[in-house]
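Data from start-v8.txt: compact mmCIF, C-alpha atoms
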```
# COMPACT_ATOMS: atom_id res chain seq x y z
CA MET A 736 -22.10 -6.33 -13.78
CA SER A 737 -25.56 -6.75 -17.08
CA PRO A 738 -26.24 -6.43 -20.77
CA ALA A 739 -23.29 -5.46 -22.87
CA SER A 740 -25.05 -2.73 -24.79
CA THR A 741 -23.52 0.65 -24.22
CA GLY A 742 -26.23 2.66 -25.90
CA ALA A 743 -23.78 4.02 -28.44
CA SER A 744 -26.31 3.91 -31.24
CA THR A 745 -28.37 6.63 -29.60
CA THR A 746 -25.50 8.82 -28.46
CA VAL A 747 -24.17 11.72 -30.44
CA VAL A 748 -20.61 12.88 -30.04
CA ALA A 749 -17.38 13.34 -31.84
CA THR A 750 -13.91 12.41 -30.89
CA SER A 751 -11.85 15.37 -29.88
CA PRO A 752 -8.37 15.39 -31.32
CA ALA A 753 -5.60 13.92 -29.24
CA PRO A 754 -4.39 16.69 -26.98
CA ALA A 755 -1.28 18.22 -28.32
CA THR A 756 1.54 18.69 -25.88
CA ASP A 757 1.09 22.24 -24.62
CA THR A 758 4.49 23.79 -24.88
CA ARG A 759 5.63 27.34 -24.41
CA ALA A 760 9.00 28.80 -25.04
CA ASP A 761 11.11 29.65 -22.02
CA THR A 762 13.60 32.50 -21.94
CA SER A 763 16.15 30.42 -23.87
CA GLY A 764 13.66 29.61 -26.60
CA SER A 765 13.25 25.93 -25.56
CA ALA A 766 9.82 24.32 -25.53
CA VAL A 767 8.38 23.65 -22.06
CA ASP A 768 5.71 21.00 -21.43
CA THR A 769 3.03 22.67 -19.29
CA ARG A 770 1.16 19.49 -18.38
CA LEU A 771 1.04 18.47 -14.73
CA THR A 772 3.84 16.43 -13.21
CA PRO A 773 4.54 15.15 -9.67
CA GLY A 774 5.92 17.96 -7.57
CA GLY A 775 4.71 20.59 -10.02
CA PRO A 776 2.02 23.23 -9.37
CA GLY A 777 -1.52 21.88 -9.34
CA TYR A 778 -0.56 18.20 -9.39
CA ARG A 779 -1.26 17.61 -5.70
CA ARG A 780 -4.65 19.38 -5.86
CA MET A 781 -5.57 17.41 -8.96
CA SER A 782 -4.52 14.10 -7.39
CA PHE A 783 -6.45 14.75 -4.18
CA ALA A 784 -9.56 15.92 -6.04
CA LEU A 785 -9.67 12.79 -8.19
CA PHE A 786 -8.83 10.66 -5.16
CA LEU A 787 -11.98 12.06 -3.47
CA ALA A 788 -13.99 11.42 -6.64
CA GLY A 789 -12.81 7.81 -6.53
CA VAL A 790 -13.77 7.56 -2.87
CA ALA A 791 -17.29 8.85 -3.54
CA THR A 792 -17.75 6.68 -6.64
CA PHE A 793 -16.92 3.36 -4.98
CA ALA A 794 -18.58 4.23 -1.65
CA LEU A 795 -21.87 4.97 -3.45
CA LEU A 796 -21.59 2.25 -6.07
CA TYR A 797 -21.09 -0.55 -3.55
CA SER A 798 -22.95 0.96 -0.60
CA THR A 799 -25.29 -2.04 -0.32
CA GLN A 800 -22.75 -4.80 -0.87
CA ALA A 801 -21.75 -5.34 2.77
CA LEU A 802 -25.42 -5.05 3.78
CA LEU A 803 -26.86 -7.80 1.58
CA PRO A 804 -27.61 -10.23 4.43
CA LEU A 805 -29.63 -7.50 6.19
CA ILE A 806 -31.44 -6.58 2.96
CA SER A 807 -32.22 -10.25 2.37
CA GLY A 808 -33.64 -10.48 5.87
CA GLU A 809 -35.84 -7.38 5.63
CA PHE A 810 -37.33 -8.20 2.24
CA GLY A 811 -37.31 -11.99 2.69
CA VAL A 812 -35.25 -12.76 -0.44
CA ALA A 813 -32.29 -14.99 -1.31
CA ALA A 814 -28.71 -13.82 -1.83
CA SER A 815 -29.10 -14.00 -5.61
CA ASP A 816 -32.07 -11.58 -5.43
CA ALA A 817 -30.46 -9.14 -3.01
CA SER A 818 -27.30 -9.11 -5.15
CA TRP A 819 -29.25 -7.16 -7.78
CA THR A 820 -28.89 -4.05 -5.60
CA VAL A 821 -25.20 -4.24 -6.52
CA ALA A 822 -25.56 -5.59 -10.05
CA ALA A 823 -28.13 -2.91 -10.99
CA ALA A 824 -25.76 -0.12 -9.99
CA THR A 825 -22.74 -1.54 -11.80
CA GLY A 826 -24.92 -2.50 -14.78
CA GLY A 827 -26.31 1.02 -15.01
CA LEU A 828 -22.79 2.37 -15.01
CA ALA A 829 -21.73 -0.11 -17.71
CA LEU A 830 -24.63 0.90 -19.96
CA PHE A 831 -24.17 4.65 -19.63
CA VAL A 832 -20.42 5.07 -19.44
CA LEU A 833 -20.02 5.46 -23.21
CA PRO A 834 -22.81 8.05 -23.61
CA MET A 835 -21.44 9.98 -20.62
CA SER A 836 -17.94 9.91 -22.08
CA ALA A 837 -19.46 11.33 -25.26
CA LEU A 838 -20.86 14.26 -23.29
CA SER A 839 -17.44 14.83 -21.75
CA GLU A 840 -15.95 15.16 -25.24
CA ARG A 841 -18.38 17.98 -25.97
CA PHE A 842 -18.87 19.73 -22.62
CA GLY A 843 -15.62 18.98 -20.84
CA ARG A 844 -14.34 16.40 -18.38
CA ARG A 845 -14.73 18.50 -15.24
CA ALA A 846 -18.31 19.55 -16.02
CA VAL A 847 -19.46 15.98 -16.66
CA MET A 848 -17.71 14.60 -13.57
CA THR A 849 -19.25 17.33 -11.41
CA GLY A 850 -22.76 16.75 -12.78
CA SER A 851 -22.45 12.99 -12.42
CA LEU A 852 -21.44 13.21 -8.78
CA ALA A 853 -24.23 15.67 -8.03
CA VAL A 854 -26.96 13.40 -9.45
CA ALA A 855 -25.51 10.25 -7.87
CA VAL A 856 -25.37 11.93 -4.47
CA ALA A 857 -28.96 13.15 -4.78
CA VAL A 858 -30.18 9.64 -5.62
CA GLY A 859 -28.06 8.27 -2.77
CA LEU A 860 -30.05 10.36 -0.32
CA LEU A 861 -33.26 8.73 -1.62
CA VAL A 862 -32.03 5.13 -1.39
CA PRO A 863 -32.66 4.77 2.39
CA PHE A 864 -36.37 5.39 1.82
CA ALA A 865 -36.93 2.61 -0.76
CA PRO A 866 -40.18 0.83 0.25
CA SER A 867 -39.42 -2.45 -1.57
CA LEU A 868 -36.59 -4.40 -3.13
CA GLY A 869 -37.84 -3.48 -6.61
CA VAL A 870 -37.73 0.25 -5.90
CA LEU A 871 -34.31 -0.14 -4.28
CA VAL A 872 -32.96 -1.89 -7.37
CA VAL A 873 -34.35 0.85 -9.66
CA LEU A 874 -32.80 3.62 -7.55
CA ARG A 875 -29.47 1.81 -7.55
CA ALA A 876 -29.61 1.46 -11.35
CA VAL A 877 -30.19 5.21 -11.71
CA GLN A 878 -27.36 5.91 -9.30
CA GLY A 879 -25.00 3.70 -11.28
CA ALA A 880 -25.99 5.41 -14.54
CA ALA A 881 -25.23 8.80 -12.99
CA LEU A 882 -21.84 7.65 -11.73
CA ALA A 883 -20.94 6.60 -15.29
CA GLY A 884 -19.66 10.12 -15.94
CA LEU A 885 -16.78 9.68 -13.50
CA PRO A 886 -14.47 6.81 -14.53
CA ALA A 887 -13.96 7.40 -18.25
CA SER A 888 -13.92 11.20 -17.90
CA ALA A 889 -11.36 11.00 -15.09
CA GLN A 890 -9.01 8.84 -17.13
CA ALA A 891 -9.39 11.10 -20.16
CA TYR A 892 -8.75 14.17 -17.97
CA LEU A 893 -5.55 12.60 -16.64
CA ALA A 894 -4.39 11.54 -20.12
CA GLU A 895 -4.77 15.15 -21.31
CA GLU A 896 -3.53 17.06 -18.26
CA VAL A 897 -0.69 14.86 -16.94
CA ARG A 898 2.66 14.15 -18.57
CA PRO A 899 2.89 10.62 -20.04
CA LYS A 900 5.64 9.44 -17.68
CA ALA A 901 3.44 10.23 -14.67
CA LEU A 902 0.22 8.80 -16.14
CA VAL A 903 0.34 5.30 -14.60
CA THR A 904 1.05 6.78 -11.17
CA ALA A 905 -1.74 9.36 -11.51
CA ILE A 906 -4.29 6.76 -12.59
CA GLY A 907 -3.04 4.49 -9.82
CA LEU A 908 -3.89 7.20 -7.28
CA PHE A 909 -7.39 7.52 -8.72
CA VAL A 910 -7.82 3.74 -8.48
CA ALA A 911 -6.46 3.93 -4.94
CA GLY A 912 -9.29 6.36 -4.16
CA ASN A 913 -11.67 3.69 -5.44
CA SER A 914 -10.21 1.20 -2.99
CA VAL A 915 -10.46 3.65 -0.07
CA GLY A 916 -14.07 4.43 -0.99
CA GLY A 917 -14.94 0.76 -1.23
CA MET A 918 -13.24 0.01 2.08
CA SER A 919 -14.54 2.93 4.11
CA GLY A 920 -18.06 2.58 2.72
CA ARG A 921 -18.27 -1.06 3.72
CA ILE A 922 -16.72 -0.54 7.16
CA ILE A 923 -18.96 2.41 7.97
CA THR A 924 -22.11 0.68 6.72
CA GLY A 925 -21.23 -2.48 8.65
CA TRP A 926 -20.96 -0.79 12.03
CA VAL A 927 -23.79 1.69 11.48
CA ALA A 928 -26.09 -1.07 10.25
CA GLN A 929 -25.33 -3.21 13.28
CA ALA A 930 -26.61 -0.41 15.53
CA TRP A 931 -29.33 1.27 13.44
CA GLY A 932 -30.05 -0.87 10.39
CA TRP A 933 -29.06 -0.81 6.73
CA ARG A 934 -31.18 2.24 5.83
CA VAL A 935 -29.33 4.54 8.21
CA ALA A 936 -26.05 3.03 6.98
CA VAL A 937 -26.63 3.95 3.32
CA ALA A 938 -27.86 7.41 4.40
CA VAL A 939 -24.53 8.02 6.14
CA ILE A 940 -22.68 7.05 2.96
CA GLY A 941 -24.80 9.55 1.03
CA VAL A 942 -23.84 12.37 3.39
CA ILE A 943 -20.14 11.48 3.15
CA ALA A 944 -20.41 11.50 -0.64
CA VAL A 945 -21.88 15.01 -0.51
CA GLY A 946 -18.72 16.23 1.22
CA CYS A 947 -16.47 14.46 -1.28
CA ALA A 948 -18.38 15.94 -4.22
CA ILE A 949 -18.10 19.50 -2.92
CA ALA A 950 -14.38 19.16 -2.18
CA PHE A 951 -13.79 17.61 -5.60
CA ARG A 952 -15.35 20.54 -7.44
CA LEU A 953 -13.44 23.09 -5.38
CA LEU A 954 -10.06 21.38 -5.76
CA LEU A 955 -9.91 20.06 -9.33
CA PRO A 956 -7.89 22.42 -11.56
CA ALA A 957 -9.60 23.72 -14.66
CA PRO A 958 -8.48 21.74 -17.74
CA LYS A 959 -5.94 23.47 -19.98
CA HIS A 960 -5.47 20.87 -22.70
CA PHE A 961 -9.04 19.87 -23.53
CA THR A 962 -10.34 20.39 -27.07
CA ALA A 963 -14.12 20.13 -27.44
CA GLY A 964 -15.62 17.83 -30.05
CA SER A 965 -18.86 18.24 -31.95
CA LEU A 966 -22.06 16.22 -31.53
CA ARG A 967 -21.82 13.95 -34.56
CA PRO A 968 -22.85 10.29 -34.18
CA ARG A 969 -20.87 9.10 -37.19
CA ILE A 970 -17.61 10.19 -35.61
CA LEU A 971 -18.46 8.47 -32.31
CA LEU A 972 -19.33 5.21 -34.04
CA GLY A 973 -16.16 5.41 -36.10
CA THR A 974 -14.08 5.98 -32.99
CA VAL A 975 -15.69 3.07 -31.16
CA ARG A 976 -15.20 0.85 -34.19
CA ASP A 977 -11.51 1.81 -34.38
CA HIS A 978 -10.98 1.02 -30.69
CA LEU A 979 -12.71 -2.34 -30.97
CA ALA A 980 -10.61 -3.16 -34.04
CA ASN A 981 -7.42 -2.70 -32.00
CA PRO A 982 -6.34 -6.18 -30.72
CA LEU A 983 -4.44 -4.74 -27.74
CA LEU A 984 -7.43 -2.68 -26.60
CA ARG A 985 -9.75 -5.68 -26.96
CA ARG A 986 -7.44 -7.74 -24.76
CA LEU A 987 -7.26 -4.99 -22.14
CA TYR A 988 -11.04 -4.64 -22.09
CA ALA A 989 -11.45 -8.39 -21.55
CA ILE A 990 -8.81 -8.44 -18.81
CA GLY A 991 -10.54 -5.63 -16.92
CA ALA A 992 -13.89 -7.45 -17.15
CA LEU A 993 -12.45 -10.76 -15.94
CA PHE A 994 -10.56 -9.25 -13.00
CA MET A 995 -13.76 -7.48 -11.92
CA THR A 996 -15.76 -10.70 -12.27
CA VAL A 997 -13.55 -12.20 -9.57
CA PHE A 998 -13.74 -9.15 -7.34
CA GLY A 999 -17.48 -8.60 -7.73
CA GLY A 1000 -18.30 -12.22 -6.96
CA VAL A 1001 -16.04 -12.50 -3.92
CA TYR A 1002 -17.11 -9.29 -2.21
CA THR A 1003 -20.79 -9.73 -2.96
CA VAL A 1004 -20.87 -13.16 -1.30
CA ILE A 1005 -18.26 -12.87 1.47
CA GLY A 1006 -20.75 -11.32 3.90
CA TYR A 1007 -23.06 -14.31 3.59
CA ARG A 1008 -20.19 -16.73 4.13
CA LEU A 1009 -18.91 -14.98 7.23
CA THR A 1010 -22.35 -14.86 8.86
CA GLU A 1011 -22.66 -18.64 8.51
CA ALA A 1012 -20.89 -21.45 10.40
CA PRO A 1013 -18.07 -21.90 11.26
CA PHE A 1014 -17.58 -18.11 11.50
CA GLY A 1015 -20.90 -16.56 12.61
CA LEU A 1016 -19.54 -13.00 12.65
CA PRO A 1017 -21.76 -9.96 13.46
CA GLN A 1018 -22.41 -7.28 10.83
CA GLY A 1019 -19.95 -4.76 12.30
CA ILE A 1020 -17.06 -7.21 12.26
CA ILE A 1021 -17.90 -8.26 8.71
CA GLY A 1022 -17.78 -4.60 7.66
CA SER A 1023 -14.35 -4.26 9.26
CA ILE A 1024 -13.09 -7.15 7.11
CA PHE A 1025 -13.01 -4.63 4.28
CA LEU A 1026 -9.95 -3.00 5.85
CA VAL A 1027 -8.11 -5.30 3.46
CA TYR A 1028 -8.95 -2.69 0.81
CA LEU A 1029 -5.93 -0.80 2.14
CA VAL A 1030 -3.85 -3.44 0.41
CA GLY A 1031 -5.56 -2.48 -2.84
CA THR A 1032 -4.73 1.17 -2.21
CA VAL A 1033 -1.05 0.28 -1.99
CA SER A 1034 -1.00 -2.16 -4.92
CA ALA A 1035 -2.84 0.27 -7.22
CA SER A 1036 -0.64 3.26 -6.34
CA THR A 1037 2.54 1.23 -6.94
CA ALA A 1038 1.40 -0.24 -10.25
CA GLY A 1039 3.66 2.15 -12.16
CA ARG A 1040 6.78 0.79 -10.46
CA LEU A 1041 5.56 -2.77 -10.99
CA VAL A 1042 5.22 -2.20 -14.74
CA GLY A 1043 8.66 -0.56 -14.78
CA ARG A 1044 10.25 -3.69 -13.31
CA LEU A 1045 8.24 -6.49 -14.92
CA GLY A 1046 6.64 -4.91 -17.97
CA ARG A 1047 2.88 -4.75 -18.51
CA ARG A 1048 2.41 -8.45 -19.21
CA GLY A 1049 4.69 -9.48 -16.35
CA ALA A 1050 2.67 -7.30 -13.98
CA LEU A 1051 -0.57 -8.90 -15.22
CA TYR A 1052 0.83 -12.40 -14.69
CA LEU A 1053 1.81 -11.46 -11.15
CA ALA A 1054 -1.63 -9.96 -10.48
CA GLY A 1055 -3.35 -13.08 -11.79
CA GLY A 1056 -1.14 -15.40 -9.76
CA THR A 1057 -1.72 -13.38 -6.59
CA THR A 1058 -5.48 -13.46 -7.13
CA THR A 1059 -5.44 -17.22 -7.71
CA ALA A 1060 -3.49 -17.84 -4.50
CA GLY A 1061 -6.01 -15.73 -2.61
CA LEU A 1062 -8.99 -17.62 -4.01
CA LEU A 1063 -7.52 -20.97 -3.03
CA LEU A 1064 -6.63 -19.80 0.49
CA SER A 1065 -10.15 -18.47 1.03
CA LEU A 1066 -11.50 -22.03 0.83
CA ALA A 1067 -10.00 -22.88 4.22
CA PRO A 1068 -12.38 -23.11 7.23
CA SER A 1069 -10.03 -20.80 9.13
CA LEU A 1070 -10.75 -17.10 9.55
CA PRO A 1071 -7.04 -16.04 9.42
CA LEU A 1072 -6.57 -17.95 6.16
CA VAL A 1073 -9.77 -16.50 4.70
CA LEU A 1074 -8.55 -13.02 5.58
CA LEU A 1075 -5.15 -13.69 4.01
CA GLY A 1076 -6.96 -14.92 0.93
CA LEU A 1077 -8.97 -11.69 0.74
CA VAL A 1078 -5.76 -9.67 1.09
CA LEU A 1079 -4.20 -11.47 -1.89
CA ILE A 1080 -7.37 -11.26 -3.99
CA THR A 1081 -7.61 -7.52 -3.30
CA ALA A 1082 -3.93 -6.85 -4.03
CA GLY A 1083 -4.04 -8.82 -7.27
CA PHE A 1084 -7.27 -7.22 -8.46
CA PHE A 1085 -6.29 -3.59 -7.87
CA ALA A 1086 -2.83 -4.08 -9.37
CA GLY A 1087 -4.28 -5.75 -12.47
CA HIS A 1088 -6.97 -3.08 -12.84
CA ALA A 1089 -4.48 -0.20 -12.54
CA VAL A 1090 -2.12 -1.79 -15.08
CA ALA A 1091 -4.86 -2.55 -17.62
CA SER A 1092 -6.69 0.79 -17.32
CA SER A 1093 -3.49 2.85 -17.63
CA ALA A 1094 -2.47 0.79 -20.66
CA VAL A 1095 -5.78 1.72 -22.33
CA SER A 1096 -5.08 5.43 -21.79
CA LYS A 1097 -1.58 5.06 -23.22
CA THR A 1098 -2.64 2.97 -26.21
CA ALA A 1099 -5.45 5.26 -27.40
CA THR A 1100 -4.07 8.38 -29.07
CA GLN A 1101 -7.47 9.48 -30.41
CA GLY A 1102 -10.83 9.39 -28.63
CA ARG A 1103 -9.35 8.70 -25.20
CA ALA A 1104 -12.68 9.21 -23.44
CA GLN A 1105 -14.32 6.58 -25.65
CA ALA A 1106 -11.39 4.17 -25.19
CA SER A 1107 -11.62 4.56 -21.42
CA ALA A 1108 -15.41 4.32 -21.56
CA LEU A 1109 -15.28 1.00 -23.39
CA TYR A 1110 -12.86 -0.30 -20.76
CA GLN A 1111 -15.08 0.90 -17.93
CA SER A 1112 -18.15 -0.56 -19.59
CA MET A 1113 -16.57 -4.00 -19.82
CA TYR A 1114 -15.13 -3.62 -16.32
CA TYR A 1115 -18.52 -2.95 -14.75
CA ILE A 1116 -20.23 -5.59 -16.86
CA GLY A 1117 -17.70 -7.91 -15.26
CA SER A 1118 -18.79 -6.62 -11.83
CA SER A 1119 -22.46 -7.28 -12.60
CA VAL A 1120 -21.67 -10.75 -13.92
CA GLY A 1121 -19.48 -11.51 -10.91
CA SER A 1122 -22.14 -10.30 -8.46
CA THR A 1123 -25.00 -12.31 -9.95
CA VAL A 1124 -23.13 -15.44 -11.05
CA GLY A 1125 -21.05 -15.51 -7.87
CA ALA A 1126 -24.19 -15.25 -5.71
CA THR A 1127 -25.98 -17.89 -7.78
CA ALA A 1128 -22.99 -20.23 -7.48
CA PHE A 1129 -22.93 -19.65 -3.72
CA HIS A 1130 -26.61 -20.49 -3.46
CA ALA A 1131 -26.06 -23.69 -5.46
CA ASP A 1132 -22.70 -24.91 -4.13
CA GLY A 1133 -21.56 -22.68 -1.28
CA TRP A 1134 -18.33 -20.71 -1.19
CA GLY A 1135 -16.59 -23.31 -3.35
CA GLY A 1136 -18.93 -22.40 -6.21
CA THR A 1137 -18.05 -18.73 -5.93
CA VAL A 1138 -14.33 -19.54 -5.89
CA ALA A 1139 -14.74 -21.74 -8.99
CA VAL A 1140 -16.26 -18.79 -10.87
CA GLY A 1141 -13.31 -16.63 -9.81
CA LEU A 1142 -10.72 -19.21 -10.86
CA LEU A 1143 -12.28 -19.51 -14.31
CA ALA A 1144 -12.06 -15.72 -14.70
CA VAL A 1145 -8.36 -15.70 -13.70
CA VAL A 1146 -7.65 -18.48 -16.22
CA GLY A 1147 -9.17 -16.16 -18.81
CA VAL A 1148 -6.86 -13.30 -17.74
CA VAL A 1149 -3.78 -15.50 -18.04
CA ALA A 1150 -4.86 -16.93 -21.40
CA ILE A 1151 -5.43 -13.46 -22.86
CA THR A 1152 -2.08 -12.23 -21.53
CA VAL A 1153 -0.34 -15.25 -23.11
CA LEU A 1154 -1.98 -14.38 -26.44
CA GLY A 1155 -0.71 -10.83 -26.04
CA SER A 1156 2.83 -12.08 -25.37
CA ARG A 1157 2.73 -14.23 -28.51
CA ALA A 1158 1.38 -11.35 -30.58
CA ALA A 1159 4.21 -9.13 -29.31
CA ARG A 1160 6.84 -11.73 -30.26
CA VAL A 1161 5.36 -12.12 -33.75
CA ALA A 1162 5.32 -8.33 -34.18
CA ALA A 1163 8.95 -8.12 -33.07
CA ARG A 1164 10.02 -10.78 -35.58
CA THR A 1165 8.12 -9.24 -38.50
CA ALA A 1166 9.07 -5.62 -37.79
CA PRO A 1167 12.64 -5.85 -39.25
CA VAL A 1168 11.23 -7.60 -42.35
CA ALA A 1169 8.62 -4.88 -42.81
CA ALA A 1170 11.30 -2.23 -42.47
CA HIS A 1171 13.12 -3.66 -45.51
```
Just dump the structure as structure tokens.
Amino acid sequence: MSPASTGASTTVVATSPAPATDTRADTSGSAVDTRLTPGGPGYRRMSFALFLAGVATFALLYSTQALLPLISGEFGVAASDASWTVAAATGGLALFVLPMSALSERFGRRAVMTGSLAVAVAVGLLVPFAPSLGVLVVLRAVQGAALAGLPASAQAYLAEEVRPKALVTAIGLFVAGNSVGGMSGRIITGWVAQAWGWRVAVAVIGVIAVGCAIAFRLLLPAPKHFTAGSLRPRILLGTVRDHLANPLLRRLYAIGALFMTVFGGVYTVIGYRLTEAPFGLPQGIIGSIFLVYLVGTVSASTAGRLVGRLGRRGALYLAGGTTTAGLLLSLAPSLPLVLLGLVLITAGFFAGHAVASSAVSKTATQGRAQASALYQSMYYIGSSVGSTVGATAFHADGWGGTVAVGLLAVVGVVAITVLGSRAARVAARTAPVAAH
């Protein structure tokens, strides 16, 4: 996923106050929470709109990932070079997500998300005409930077407009849209590329994203609980510093980055592995492999129930264990076992991502857009690292090298979660003492 700089030093923004619960008195004089809730007016439109935004984001962001063998062939480059068409996009997003979240604090979540999608779609329509790998990488970097306005702004929008008890479920649905976008984009590009080449394939994704962007803008309800901030750099830097000083937020940021390192590495390289012996699959079939993203749709949308049963740390342990089992299974020279491994990797990743990202939104009571932006920045840095390091490891040591990178990342997730469990126990023991 690229350099860790977020460009905060050149961005000007202030943190808007935490949205107060919008309550109005009913006929009996009781306060009524007017934020959205499942089954209530506007919730379904909001969920579907953000679901479509997630579809467009992941379809555009990873539009070249399933096509890397074809891109390598046309430009005569190795997997590690072609992987930059993915790493540049995710790296651009990582670098610009904090500045874009700053704009959303001033100009509103819906406006920034709409503008981001519009620019990303426009660039997506230019990508098929890239005359060289260098130009393609630059266009993908610009596209990723434009898409940076979506993730953090969407999470902040949900934190402000949805009741807290429904927040994990709402964010899970947005993440589910990511999984559908990633899946459908790869399947469509795989089959289209097999018939007409990778350029036509990415053009088709661009047209689909146009439809998603228009529907998103028409469906998303106008925000009712947003309070605009002012453009003051000192407040932004103070907010970022406060978030980075929070041990829980730091752990969540690292967990998101490590989970995405696994996912980025596996799905960047899997196409190369499946085209080689003993599999030798055609491009269309390889694209269809990404149907396993449906598992991620389910695991992300059920993350709220998982946290309810196991707690946040228990859910993260389960996600890490599931991902590990998938990585080990994928080493087998058997296509059914490789597919089962991808299913487990996908389920574990999306569950872990939904749990960690929703925990960030719940933990941050001030500057939610910046808190979410920092998470997204680390998350997509993890994607860039996974794409490049995973491809380099594959070039040096085959699929086993890519799996080794993923296993190291999962060990990091488990270690950080253990530290969080210990910190929670220490806090629980010292709390009664502090109370006296």
Option closest in space to A:Gln890, from A:Val877, A:Val1149, A:Val1124, A:Ile906 [counting only C-alpha atoms]: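 Nearest candidate to A:Gln890 out of A:Val877, A:Val1149, A:Val1124, A:Ile906: A:Ile906.
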Residue with smallest distance to A:Tyr778 - pool A:Thr820, A:Asn913, A:Gln1111, A:Thr904, counting only C-alpha atoms: A:Thr904
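One distance worth recording is that between atom CA of A:Leu1051 and atom CA of A:Gly1087, which is 5.6 Å.
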Polymer residues at most 8 Å from A:Thr849, all atoms listed in the file, same-chain spacing of 5 or more positions, as a PyMOL selection string: chain A and resi 948+951-952
Residues within 12 Å of (-34.1, 1.0, -10.5), file coords, only C-alpha atoms, listed as a PyMOL selection string: chain A and resi 819-827+858+861-862+865+867-880
Nearby residues (all atoms listed in the file) at most 10 Å from stretch 1071-1083 of chain A, same-chain spacing under 3 positions excluded, as a ChimeraX atom specification: /A:914,994,997-998,1001-1002,1005,1009,1024-1035,1050-1068,1086-1088,1141
Distance query stretch 917-925 of chain A at most 6 Å, all atoms listed in the file, self and fewer than 6 positions along chain excluded, as a PyMOL selection string: chain A and resi 793-794+801+936+1018-1019+1022-1023+1025-1026+1028
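Relative to atom CA of A:Ala1108, atom CA of A:Asp977 is found at 13.6 Å.
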Residue contacts of A:Ala950 (12 Å, all atoms listed in the file) excluding same-chain residues fewer than 5 positions away, as a list in words: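 Listing them by chain and then by number gives Arg780, Met781, Phe783, Ala784, Leu785, Phe786, Leu787, Ala788, Val790, Ala791, Thr849, Leu852, Ala853, Ile943, Ala944, Val945, Leu955 and Pro956 of chain A.
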Residue among A:Ser1122, A:Ser1069, A:Ser888, A:Gln929 lying closest to A:Leu1109, counting only C-alpha atoms: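 The answer is A:Ser888, which sits nearest to A:Leu1109.
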Atom pair atom CA of A:Lys959 / atom CA of A:Arg898: separation (Å): 12.8 Å
